[in-house]
Each structure stands twice: as structure tokens, then as C-alpha cells.
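The structure file entry-v3.cif is reproduced below (mmCIF, C-alpha atoms).
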data_final
#
loop_
_atom_site.label_atom_id
_atom_site.label_comp_id
_atom_site.auth_asym_id
_atom_site.auth_seq_id
_atom_site.Cartn_x
_atom_site.Cartn_y
_atom_site.Cartn_z
CA MET A 13 90.42 107.19 86.30
CA ARG A 14 90.96 109.53 83.29
CA ASP A 15 89.03 108.33 80.25
CA ASP A 16 90.96 109.71 77.25
CA PHE A 17 92.59 106.34 76.68
CA LEU A 18 95.15 105.21 74.16
CA LEU A 19 94.33 101.64 73.18
CA TYR A 20 97.42 99.43 73.39
CA PRO A 21 96.32 96.09 71.89
CA GLY A 22 99.67 94.27 72.21
CA CYS A 23 100.98 91.60 69.83
CA VAL A 24 99.21 88.38 70.76
CA ILE A 25 95.58 89.45 70.44
CA PRO A 26 95.84 91.39 67.13
CA SER A 27 98.22 88.81 65.59
CA LYS A 28 96.78 85.54 66.86
CA LEU A 29 93.31 86.14 68.33
CA PRO A 30 91.86 89.06 66.35
CA TYR A 31 88.28 88.16 67.29
CA LEU A 32 89.10 89.20 70.86
CA GLU A 33 90.25 92.59 69.57
CA ALA A 34 87.03 92.89 67.53
CA ALA A 35 84.99 92.05 70.63
CA ALA A 36 86.86 94.65 72.69
CA VAL A 37 86.41 97.33 70.01
CA PHE A 38 82.67 96.55 69.93
CA ILE A 39 82.45 96.91 73.72
CA LEU A 40 84.31 100.22 73.72
CA GLU A 41 82.03 101.64 71.03
CA ARG A 42 78.88 100.40 72.78
CA LEU A 43 79.97 101.83 76.13
CA GLU A 44 81.17 105.05 74.46
CA VAL A 45 84.70 104.72 75.86
CA THR A 46 87.16 107.01 74.08
CA ALA A 47 90.21 104.94 73.13
CA SER A 48 92.41 106.22 70.32
CA PRO A 49 94.77 103.88 68.46
CA PHE A 50 98.27 103.79 69.94
CA PRO A 51 100.66 105.81 67.72
CA GLU A 52 103.90 104.22 66.44
CA PHE A 53 103.14 100.87 68.08
CA SER A 54 105.95 98.59 69.18
CA CYS A 55 106.16 95.47 71.35
CA CYS A 56 106.19 95.67 75.20
CA PHE A 57 108.57 92.68 75.55
CA GLU A 58 106.21 90.46 77.53
CA PRO A 59 107.33 89.74 81.10
CA VAL A 60 108.00 85.97 80.99
CA GLY A 61 110.26 85.20 78.03
CA LEU A 62 111.27 88.41 76.28
CA ARG A 63 111.96 90.47 79.40
CA SER A 64 114.28 87.70 80.58
CA LEU A 65 116.34 88.08 77.40
CA GLY A 66 117.00 91.73 78.11
CA PRO A 67 115.64 93.55 81.16
CA GLU A 68 117.30 96.80 80.03
CA THR A 69 115.86 96.36 76.54
CA TRP A 70 112.42 95.75 78.09
CA LEU A 71 112.68 98.92 80.15
CA GLY A 72 113.84 100.94 77.14
CA ALA A 73 111.04 99.61 74.92
CA CYS A 74 108.42 100.27 77.60
CA GLY A 75 109.98 103.68 78.25
CA ARG A 76 109.43 104.49 74.58
CA LEU A 77 105.76 103.50 74.92
CA HIS A 78 105.32 105.69 78.01
CA SER A 79 107.07 108.50 76.15
CA LEU A 80 104.67 108.18 73.21
CA ALA A 81 101.65 108.10 75.52
CA ALA A 82 102.79 111.39 77.08
CA GLY A 83 100.70 110.89 80.18
CA ARG A 84 97.50 109.69 78.54
CA PRO A 85 96.17 106.54 80.25
CA LEU A 86 96.84 103.27 78.45
CA LEU A 87 94.05 100.76 77.99
CA THR A 88 95.50 97.29 77.48
CA LEU A 89 93.82 94.15 76.16
CA CYS A 90 96.54 91.69 77.20
CA ASP A 91 97.54 91.12 80.82
CA GLY A 92 101.16 90.52 79.77
CA CYS A 93 101.22 94.04 78.30
CA THR A 94 99.41 95.42 81.34
CA LEU A 95 102.08 93.97 83.61
CA SER A 96 104.97 95.12 81.41
CA LEU A 97 103.69 98.67 81.17
CA PHE A 98 102.60 98.83 84.83
CA GLU A 99 105.90 97.53 86.24
CA SER A 100 108.04 99.63 83.89
CA GLY A 101 105.96 102.68 84.77
CA ARG A 102 106.60 102.06 88.45
CA ILE A 103 110.39 101.85 87.86
CA LEU A 104 110.47 104.86 85.53
CA SER A 105 108.41 107.08 87.82
CA HIS A 106 111.27 107.15 90.34
CA GLU A 107 114.36 109.32 89.94
CA GLY A 108 117.33 106.99 89.65
CA THR A 109 119.83 105.32 87.37
CA GLU A 110 117.27 103.31 85.41
CA ARG A 111 115.13 106.35 84.65
CA ARG A 112 118.18 108.40 83.65
CA GLU A 113 119.41 105.65 81.34
CA VAL A 114 116.03 105.36 79.63
CA GLN A 115 115.81 109.15 79.33
CA GLY A 116 119.22 109.03 77.61
CA LEU A 117 117.92 106.39 75.21
CA MET A 118 114.86 108.53 74.48
CA ARG A 119 117.06 111.53 73.67
CA GLU A 120 118.86 109.39 71.08
CA LEU A 121 115.43 108.78 69.53
CA ASN A 122 114.60 112.51 69.69
CA ARG A 123 111.96 111.71 72.27
CA SER A 124 111.57 112.60 75.91
CA LEU A 125 110.25 110.79 78.94
CA GLU A 126 108.70 113.28 81.32
CA GLN A 127 105.96 111.19 82.90
CA VAL A 128 104.57 107.67 82.89
CA SER A 129 101.01 106.69 82.13
CA GLU A 130 98.39 105.00 84.21
CA VAL A 131 97.81 101.48 82.84
CA VAL A 132 94.29 100.04 82.91
CA GLY A 133 93.49 96.48 81.85
CA LEU A 134 90.21 95.47 80.24
CA LEU A 135 88.92 93.82 83.43
CA GLU A 136 89.47 96.97 85.48
CA LEU A 137 87.89 99.15 82.81
CA LEU A 138 84.79 96.97 82.49
CA HIS A 139 84.35 96.84 86.25
CA SER A 140 84.52 100.63 86.39
CA ARG A 141 81.72 100.75 83.78
CA LEU A 142 79.48 98.12 85.38
CA GLU A 143 76.41 100.37 85.57
CA SER A 144 76.85 101.35 81.95
CA ILE A 145 77.16 97.67 80.98
CA LYS A 146 73.91 96.87 82.81
CA ARG A 147 72.14 99.73 80.99
CA CYS A 148 73.41 98.69 77.56
CA MET A 149 72.98 94.91 77.95
CA VAL A 150 70.67 93.27 75.45
CA LYS A 151 71.31 89.55 76.02
CA LYS A 152 71.94 87.94 79.39
CA GLN A 153 74.63 85.24 79.31
CA ARG A 154 73.31 82.42 81.45
CA ILE A 155 76.32 80.26 82.04
CA ARG A 156 78.23 78.87 85.02
CA LEU A 157 81.75 80.24 84.67
CA LEU A 158 84.95 79.38 86.47
CA ILE A 159 86.61 82.65 87.48
CA HIS A 160 90.23 82.71 86.27
CA PRO A 161 91.73 86.20 85.91
CA GLY A 162 95.22 84.68 85.61
CA CYS A 163 98.37 85.24 87.67
CA HIS A 164 99.47 88.50 86.06
CA CYS A 165 96.06 90.11 86.17
CA GLU A 166 95.66 89.08 89.81
CA HIS A 167 99.08 90.52 90.65
CA ILE A 168 98.48 93.89 88.99
CA CYS A 169 95.13 94.24 90.73
CA HIS A 170 96.73 93.21 94.04
CA GLU A 171 99.30 95.98 93.58
CA LYS A 172 96.52 98.47 92.86
CA GLY A 173 94.59 97.40 95.97
CA LEU A 174 91.90 95.72 93.87
CA SER A 175 90.69 92.12 93.66
CA ALA A 176 90.71 90.70 90.15
CA VAL A 177 88.58 87.75 91.29
CA LYS A 178 85.92 89.99 92.86
CA MET A 179 85.83 92.27 89.80
CA MET A 180 85.41 89.31 87.46
CA GLU A 181 82.70 87.81 89.68
CA ASP A 182 80.83 91.15 89.67
CA ILE A 183 80.97 91.36 85.87
CA VAL A 184 79.85 87.76 85.32
CA LEU A 185 76.92 88.28 87.70
CA ALA A 186 75.96 91.53 85.98
CA LEU A 187 75.97 89.77 82.61
CA GLY A 188 73.57 87.12 83.89
CA GLY A 189 76.10 84.37 84.55
CA GLU A 190 76.95 82.36 87.64
CA PRO A 191 80.53 82.76 88.87
CA VAL A 192 82.34 79.79 90.40
CA THR A 193 85.53 80.67 92.23
CA PRO A 194 88.32 78.29 93.27
CA SER A 195 89.61 78.67 96.83
CA GLU A 196 92.96 79.88 95.50
CA GLY A 197 94.25 81.20 92.18
CA LEU A 198 95.19 78.40 89.79
CA CYS A 199 98.07 78.66 87.32
CA CYS A 200 97.59 77.64 83.67
CA GLY A 201 101.25 76.63 83.28
CA GLY A 202 101.38 78.41 79.91
CA GLY A 203 104.73 80.09 80.61
CA LEU A 204 106.41 76.70 80.31
CA THR A 205 104.94 75.61 76.98
CA SER A 206 107.86 74.64 74.70
CA VAL A 207 110.21 75.37 77.59
CA ASN A 208 109.42 72.48 79.94
CA ASP A 209 106.30 70.89 78.46
CA ALA A 210 105.98 68.13 81.06
CA LEU A 211 106.11 70.52 84.00
CA GLY A 212 103.78 73.02 82.31
CA ARG A 213 101.26 70.28 81.55
CA ASN A 214 101.36 68.96 85.13
CA ILE A 215 100.63 72.44 86.46
CA MET A 216 97.78 72.90 83.97
CA GLU A 217 96.24 69.46 84.55
CA ASP A 218 96.30 70.06 88.30
CA ALA A 219 94.44 73.35 87.73
CA LEU A 220 91.94 71.67 85.40
CA ASP A 221 91.30 68.88 87.95
CA GLY A 222 90.37 71.53 90.51
CA MET A 223 88.21 73.38 87.99
CA GLU A 224 86.33 70.27 86.86
CA ALA A 225 85.53 69.43 90.47
CA LEU A 226 83.72 72.78 90.73
CA GLY A 227 81.44 71.90 87.83
CA ALA A 228 81.70 75.03 85.69
CA GLU A 229 80.54 74.95 82.05
CA ALA A 230 83.50 77.05 80.94
CA ILE A 231 86.47 78.98 82.23
CA ILE A 232 86.44 82.75 81.90
CA THR A 233 89.69 84.69 81.71
CA SER A 234 90.98 88.08 80.66
CA CYS A 235 94.45 86.80 79.72
CA PRO A 236 95.17 85.72 76.12
CA PHE A 237 97.98 83.41 77.28
CA CYS A 238 95.74 81.54 79.76
CA PHE A 239 92.99 81.54 77.11
CA THR A 240 95.28 79.90 74.56
CA GLN A 241 96.71 77.43 77.05
CA PHE A 242 93.29 76.12 78.10
CA ASP A 243 91.79 76.28 74.60
CA VAL A 244 94.66 74.75 72.61
CA ILE A 245 96.73 72.68 75.06
CA GLY A 246 94.25 71.81 77.82
CA ARG A 247 91.12 71.10 75.76
CA ARG A 248 89.23 69.68 78.75
CA ILE A 249 86.98 72.63 79.61
CA PRO A 250 85.89 75.31 77.12
CA VAL A 251 87.29 78.76 77.80
CA LEU A 252 85.81 82.16 77.08
CA HIS A 253 87.57 85.48 77.07
CA LEU A 254 85.96 88.25 79.10
CA ALA A 255 85.74 90.42 75.98
CA GLU A 256 83.64 87.81 74.15
CA LEU A 257 81.16 87.34 76.99
CA CYS A 258 80.70 91.06 77.51
CA ALA A 259 80.42 91.80 73.78
CA TRP A 260 77.72 89.12 73.34
CA ALA A 261 75.78 90.61 76.25
CA LEU A 262 75.99 94.00 74.54
CA GLY A 263 74.70 92.63 71.22
CA TRP A 264 77.80 91.49 69.34
CA GLU A 265 76.63 88.98 66.75
CA VAL A 266 79.93 87.29 65.93
CA ASP A 267 80.12 83.63 66.99
CA SER A 268 83.78 83.86 67.91
CA THR A 269 83.68 80.35 69.37
CA SER A 270 84.00 79.16 65.77
CA PHE A 271 87.67 80.18 66.14
CA HIS A 272 88.08 78.23 69.39
CA ARG A 273 89.56 74.75 69.55
CA THR A 274 87.34 73.80 72.50
CA ARG A 275 83.94 75.19 71.66
CA LEU A 276 80.95 76.37 73.66
CA ARG A 277 78.45 79.14 73.14
CA PRO A 278 76.42 80.19 76.14
CA SER A 279 72.68 80.30 75.69
CA ALA A 280 71.36 83.86 75.64
CA ASP A 281 67.99 85.23 76.67
CA MET B 2 129.46 82.46 88.47
CA SER B 3 128.96 84.48 85.33
CA GLU B 4 130.72 87.76 84.56
CA HIS B 5 127.26 89.16 83.75
CA HIS B 6 125.33 90.41 86.80
CA PRO B 7 127.91 89.19 89.40
CA ALA B 8 126.37 87.47 92.42
CA GLY B 9 127.61 90.19 94.77
CA ASP B 10 125.72 92.81 92.75
CA LEU B 11 122.56 90.73 92.79
CA ARG B 12 122.87 90.16 96.56
CA SER B 13 122.98 93.87 97.25
CA SER B 14 120.57 95.01 94.50
CA PHE B 15 117.89 92.66 95.78
CA HIS B 16 118.90 92.89 99.50
CA LEU B 17 118.99 89.10 99.63
CA GLN B 18 120.62 89.15 103.05
CA ASP B 19 117.14 90.06 104.35
CA CYS B 20 115.79 86.64 103.29
CA LEU B 21 114.34 84.87 106.35
CA GLN B 22 114.39 81.45 104.61
CA CYS B 23 110.73 81.11 105.61
CA SER B 24 109.99 79.38 102.28
CA GLN B 25 106.61 81.08 101.88
CA CYS B 26 107.66 81.92 98.32
CA THR B 27 108.19 78.24 97.58
CA GLU B 28 104.94 77.16 99.23
CA ARG B 29 103.01 79.49 96.89
CA CYS B 30 105.03 78.60 93.79
CA PRO B 31 103.11 76.48 91.22
CA SER B 32 106.37 75.33 89.66
CA ALA B 33 107.84 74.16 93.00
CA ARG B 34 104.63 72.29 93.83
CA HIS B 35 105.24 70.15 90.76
CA GLY B 36 108.95 69.59 91.19
CA GLY B 37 110.15 72.68 89.28
CA VAL B 38 112.18 75.62 90.56
CA ARG B 39 112.32 76.39 94.31
CA PRO B 40 112.56 80.18 94.77
CA ASP B 41 113.99 79.83 98.30
CA GLU B 42 116.82 77.67 96.96
CA VAL B 43 117.53 80.15 94.17
CA VAL B 44 117.94 82.90 96.77
CA SER B 45 120.19 80.65 98.90
CA ALA B 46 122.32 79.78 95.88
CA VAL B 47 122.95 83.44 95.03
CA LEU B 48 123.74 84.19 98.68
CA GLU B 49 126.22 81.32 98.76
CA ASP B 50 127.69 82.10 95.31
CA ARG B 51 126.44 78.81 93.87
CA GLU B 52 124.81 78.38 90.45
CA PRO B 53 121.02 78.54 90.93
CA GLN B 54 119.06 75.61 89.51
CA GLY B 55 115.81 75.57 87.54
CA ILE B 56 115.56 79.27 86.76
CA TRP B 57 113.90 78.60 83.38
CA ASP B 58 111.18 76.56 85.13
CA CYS B 59 109.91 79.74 86.79
CA LEU B 60 106.55 80.97 85.45
CA LEU B 61 107.19 84.52 86.68
CA CYS B 62 103.66 84.40 88.06
CA HIS B 63 104.57 86.88 90.85
CA ARG B 64 102.98 84.84 93.66
CA CYS B 65 106.30 84.65 95.54
CA LEU B 66 106.48 88.44 95.45
CA GLU B 67 103.09 88.78 97.10
CA VAL B 68 103.99 86.67 100.15
CA CYS B 69 107.63 87.55 100.83
CA PRO B 70 107.77 89.16 104.31
CA SER B 71 111.08 90.83 103.39
CA ASP B 72 109.76 92.32 100.14
CA ILE B 73 112.45 90.64 98.08
CA ASP B 74 111.67 91.08 94.39
CA ILE B 75 112.17 87.44 93.46
CA VAL B 76 110.59 88.04 90.04
CA MET B 77 113.20 90.57 88.98
CA LEU B 78 115.96 88.53 90.63
CA MET B 79 114.86 85.55 88.53
CA THR B 80 114.66 87.79 85.45
CA HIS B 81 118.23 89.00 85.93
CA LEU B 82 119.49 85.45 86.56
CA ARG B 83 117.80 84.34 83.35
CA HIS B 84 119.27 87.27 81.48
CA ARG B 85 122.73 86.36 82.75
CA SER B 86 122.19 82.77 81.67
CA ALA B 87 120.96 83.89 78.23
CA LEU B 88 124.00 86.13 77.75
CA ASP B 89 126.12 83.08 78.57
CA GLY B 90 124.29 81.24 75.80
CA VAL B 91 121.90 79.15 77.91
CA ALA B 92 118.21 79.88 77.38
CA PRO B 93 115.21 77.95 76.01
CA ASP B 94 115.10 77.89 72.21
CA ARG B 95 111.48 79.05 72.30
CA PHE B 96 112.42 82.34 73.97
CA LEU B 97 115.50 82.89 71.80
CA ARG B 98 113.45 82.28 68.64
CA THR B 99 110.75 84.69 69.83
CA GLY B 100 113.49 87.24 70.50
CA SER B 101 114.81 86.76 66.99
CA ILE B 102 111.34 87.21 65.49
CA LEU B 103 110.88 90.38 67.51
CA VAL B 104 114.18 91.81 66.24
CA LYS B 105 113.24 91.05 62.61
CA GLU B 106 109.53 91.86 62.65
CA GLY B 107 109.04 94.29 65.53
CA ARG B 108 106.60 91.92 67.26
CA GLY B 109 107.36 88.84 69.28
CA PHE B 110 104.14 87.29 68.00
CA PRO B 111 103.70 88.35 64.36
CA SER B 112 100.64 87.92 62.19
CA ASN B 113 100.21 85.74 59.10
CA PRO B 114 98.03 85.95 55.95
CA ARG B 115 95.26 83.82 57.50
CA VAL B 116 94.96 86.14 60.50
CA GLN B 117 95.17 89.22 58.28
CA LYS B 118 92.17 87.83 56.36
CA GLN B 119 90.32 87.19 59.63
CA ARG B 120 91.04 90.78 60.65
CA GLU B 121 89.55 92.04 57.41
CA GLU B 122 86.44 89.90 57.88
CA LEU B 123 86.06 91.19 61.43
CA GLY B 124 86.29 94.80 60.23
CA LEU B 125 89.71 95.40 61.80
CA SER B 126 92.47 97.37 60.10
CA PRO B 127 95.49 95.48 58.73
CA LEU B 128 98.50 95.19 61.03
CA VAL B 129 101.23 97.44 59.65
CA ASP B 130 104.12 98.55 61.84
CA SER B 131 105.66 101.90 61.05
CA ASP B 132 109.23 102.17 59.79
CA ARG B 133 109.99 104.72 62.47
CA ALA B 134 108.81 102.39 65.25
CA MET B 135 110.96 99.59 63.81
CA ARG B 136 114.01 101.89 63.61
CA GLU B 137 113.54 103.10 67.16
CA LEU B 138 113.08 99.59 68.51
CA GLY B 139 116.21 98.51 66.62
CA LYS B 140 118.19 101.31 68.25
CA ILE B 141 116.97 100.36 71.74
CA ILE B 142 117.95 96.74 71.10
CA SER B 143 121.39 97.72 69.80
CA ARG B 144 122.09 99.92 72.85
CA THR B 145 121.12 97.27 75.40
CA ARG B 146 122.12 93.67 75.99
CA PHE B 147 119.35 91.70 74.34
CA ALA B 148 119.98 87.96 73.91
CA TYR B 149 118.32 86.30 70.92
CA GLU B 150 118.92 83.62 68.26
CA ARG B 151 121.20 85.25 65.66
#

Please rewrite the model in this file as C-alpha cells.
Amino acid sequence: MRDDFLLYPGCVIPSKLPYLEAAAVFILERLEVTASPFPEFSCCFEPVGLRSLGPETWLGACGRLHSLAAGRPLLTLCDGCTLSLFESGRILSHEGTERREVQGLMRELNRSLEQVSEVVGLLELLHSRLESIKRCMVKKQRIRLLIHPGCHCEHICHEKGLSAVKMMEDIVLALGGEPVTPSEGLCCGGGLTSVNDALGRNIMEDALDGMEALGAEAIITSCPFCFTQFDVIGRRIPVLHLAELCAWALGWEVDSTSFHRTRLRPSAD
Amino acid sequence: MSEHHPAGDLRSSFHLQDCLQCSQCTERCPSARHGGVRPDEVVSAVLEDREPQGIWDCLLCHRCLEVCPSDIDIVMLMTHLRHRSALDGVAPDRFLRTGSILVKEGRGFPSNPRVQKQREELGLSPLVDSDRAMRELGKIISRTRFAYER
């Protein structure tokens, strides 16, 4: 993995959940990860709603982002962005009509698309720096956490030959927590909020029933959509974002749970 | 069937004739488990030139993709069916509104003064999108078929 990252924060975290961005920035500084701000930021057209409104638009917008990155690896904070950039990169790395069409669009913008970038999500990055995290840790996070990477994170990792669940378990253990893992991945139903609320809620409640039976104190996720769904709509089990847990372990003093709807702060050593 | 993305094109683009009708996609689908869309029936509908049902109940979670023994990209099939539906004027208001916000503001999920203040308190820089990025995004949108609330 190259480590001269461009940090692509996405829309949701900077615009709705800025404390997660602050936690991630703290982690990157503490672990001495080089991650420059993304130049000329624009939206990735997340893969559930916006991509459906225009798959060609999605590919063009993601092509522009790959063009701007010019081969530097992209570090993403949102699993929707990770998926958008990863899947578009896979399409655009092959010679074919779609790549030629996006290259034509880039020429109209006075840009060029020569190569696509590797896309690394926060979970994958943190797992690759596990030894560094252990060295820099100042406060163990003793909490029993339900492992929930989320569907998109799990899929990207599956495609890369990695296990999102195993990586998240390893990180939680390293931070002093106790991971609790469901027998199969559970869906938060968030993609259906305000689309088919009844169906989305049924899917979420079913997931929460399974989670409650496992007796975790909180859910841990790396996805801002799952995070919001469980924190704002579910409100049965507190949810923590991976960035918060890791940042606290590394000495971040912000009580970001004050921004949560369903609050919990793990006890620290 | 719609004039956008004709069924014959979708059948060949996604090699749907390779579907074994094993229904593994549907067994793994969280929406189908709760009475939502059935991916196997969507594939059958396209093969038989019928209108597929429940496409907006798909979570695009990708689980179907991971189990399909014929490697049919059901996620992108569903995406193209949704796009076709949106171009025909049928799509959830939530998505169309988000599309409209994106066209106007450059972000599907824009900030507000309260969040900008939070960013300041957290030591983060203000969110300001560049004019050039907005212009370029506008050009990409105008050159492609993006459906949004106008």
C-alpha cells in the first residue's frame, strides 16, 4: 500500500458528522499518516440513490476524481465513497467504451484520465497500522462492541480478498475492547429511509433484535450511513464510529458522544 | 418496456441468459426477506420483457453479487433499471430531491450554519467548494442523462 494519500472525506461526514472527520484527522496526525486534502473536491454520487439517477453521470464524476488524483492513493472516510471510487476505478481501468467516453468528458474539462487510483477505506488503513496504533495508544477502550462494518464495507473488502469483520475485530481487540460478531452480516436498512420507511424499519429492527440478543454495549461501524441509521432512527443500542473509538484510544479528548442521539461513552483506563 | 435501456440491451449487457434461477441472490437479500424486492424475479422479468417490480426497494447492498454462481452483476442491473425508471419520471422523491441539491450545491448532502460552527469548534476548515469544481461537475451532468427534481 502506497502511503502518500489524498484524503477524500466525502459529503456526509464533513457536512453532517464533522466530529467523525475531526476524529479521523486526529488519528492520521497521531499515526503520522500523510494524507493531503483532496484538490477541487466534488461529490462521488453515492452508490444507492444518486448513482441510480445517472450511472453515466456517476462514472463521469468519479472519473474526474480519479483524474485529479493522478494515481495517488485515495483515503476515504465514508464507505459509500469507498465503494463509488473503487467500483468506478475497476470499470475505468479497462479499455472499453465506458473508459473512452469518460476520457472524452475529461478532455472537455481540459483534464486527462491516464490511470485510476487505489482506494483505501479507514478500516483497511487502520488495520494496516495496527502495530503503530498499539504503540501510540494511551487509553484502552474497555467496551463490548457489536461488529458491524456495514454491507458496502464488507463488499469492498470481499472484493479485495480481505475480511472487514476480521479487521474490525482485530482493531477492537487491540484497543482494549471485546468484539461480538453476529453469525452473518446484518443490514441497517438505511438505504430505504424516506423511500420505503416501513420496509427499512423492519430490516433494521430485525438486525437490532439479533444484536440485542448478543448483549453488546454498543454497535461499532465504519459507515456513516449505518451510524446515522442506528443513532437517529434505531435508537435502541448506542453506536460508535470506528474513528471515535480509535481517536479516544490515541488520546483524543473530544466527547463526540455529545453529538449522538443515542449516547454512550466507554470507560477508559 | 421503456425506450431507455431497452430490455434486449440489458439482457445481453448483463448476460442474463446465464441466470440459473437458483435464487441464492434472493435468499441473501435483506429486502426480499422482509417482503421487498426479489432479485431473481427482477432478472426473470427482464428476460421475459415484463416490467420488474420493487426495484426501488433494493438496498444495493451487493450481497446478491457475492453469491451469484453466474457472476451476474445484479447491482448494476438494478441501477440501470432504476435509471430507466427515473428517466421515465418514476423515482422516490428523496433521491430526486438529493439529486437536485447536488446539481445546485455540488454536494448531495450539503452543510448548514450549525455544522459550519461545529467544524470551527472542532478545528476543521470551513467547507467551501471551488467554482471550477462546480463548473466541471455541471458540465458532466449536462453531458450525461442525470434525472433529478427540476

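Restricting the calculation to only C-alpha atoms, the smallest distance between Ser143 (chain B) and any of B:Lys118, B:Leu11, B:Val104, B:Pro93 is found for B:Val104.
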
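Using only C-alpha atoms, the nearest neighbour of chain B within the list A:Arg42, A:Arg147, A:Arg123, A:Arg141 is A:Arg123.
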
### Task
Find the residue from B:Ile56, B:Leu48, B:Cys26, B:Ser14 that sits nearest to Val91 (chain B); use all atoms listed in the file when measuring.
B:Ile56

### Task
Give me the result of the PyMOL selection byres ((chain B) within 8 of (chain A)) on this file, residue by residue, as a PyMOL selection string.
chain B and resi 31-32+35-37+57-64+67+80-81+83-84+87-88+93-97+99-100+103+107-113+116-117+119-120+123-125+128+130-131+133-135+137-138+141-142+145-149

If we count all atoms listed in the file and set the cut-off at 8 Å, which residues sit around Glu256 (chain A), ignoring sequence neighbours fewer than 3 positions away in its own chain? Please answer as a compact mmCIF listing (two decimals) with C-alpha atoms, keeping the file's coordinate frame.
# COMPACT_ATOMS: atom_id res chain seq x y z
CA LEU A 32 89.10 89.20 70.86
CA ALA A 35 84.99 92.05 70.63
CA ALA A 36 86.86 94.65 72.69
CA LEU A 252 85.81 82.16 77.08
CA HIS A 253 87.57 85.48 77.07
CA ALA A 259 80.42 91.80 73.78
CA TRP A 260 77.72 89.12 73.34
CA SER A 268 83.78 83.86 67.91

### Query
Hey, can you pull every residue with an atom no more than 9 Å from (119.9, 86.7, 64.1), using all atoms listed in the file, and send it as a PyMOL selection string?
chain B and resi 101-102+104-105+149-151

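Between CA of Cys93 (chain A) and CA of Asp10 (chain B) the separation is 28.5 Å.
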
### Query
Given the file above and the PyMOL selection byres ((chain A and resi 225-233) around 6), which residues are selected, and can you give them as a list in words?
Arg156, Leu157, Leu158, Ile159, His160, Pro161, Gly222, Met223, Glu224, Ser234, Cys235, Ile249, Pro250, Val251, Leu252, His253 and Leu254 of chain A

#### Entry: Answer key for the PyMOL selection byres ((chain B and resi 65) around 10), residues as an MDAnalysis selection string
chainID B and resid 24:31 40:41 61:64 66:70 72:76

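Near (94.5, 106.2, 77.1), the residues inside the 9 Å limit, counting all atoms listed in the file, come to Arg14, Asp15, Asp16, Phe17, Leu18, Leu19, Tyr20, Thr46, Ala47, Ser48, Pro49, Phe50, Ala81, Gly83, Arg84, Pro85, Leu86, Leu87, Thr88, Ser129, Glu130, Val131 and Val132 of chain A.
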
### Message
Excluding Gln22 (chain B) and its own-chain neighbours fewer than 5 positions away, which residues fall within 9 Å of it when counting all atoms listed in the file? Please give them as number ranges by chain.
### Response
B: 41-42, 44-45

Enclosing box along x, y and z for every listed atom of region 96-112 of chain B, padded 4 Å each side, centre and size in Å, one decimal, as JSON:
{"center_x": 108.1, "center_y": 88.3, "center_z": 68.1, "size_x": 22.9, "size_y": 20.0, "size_z": 19.8}
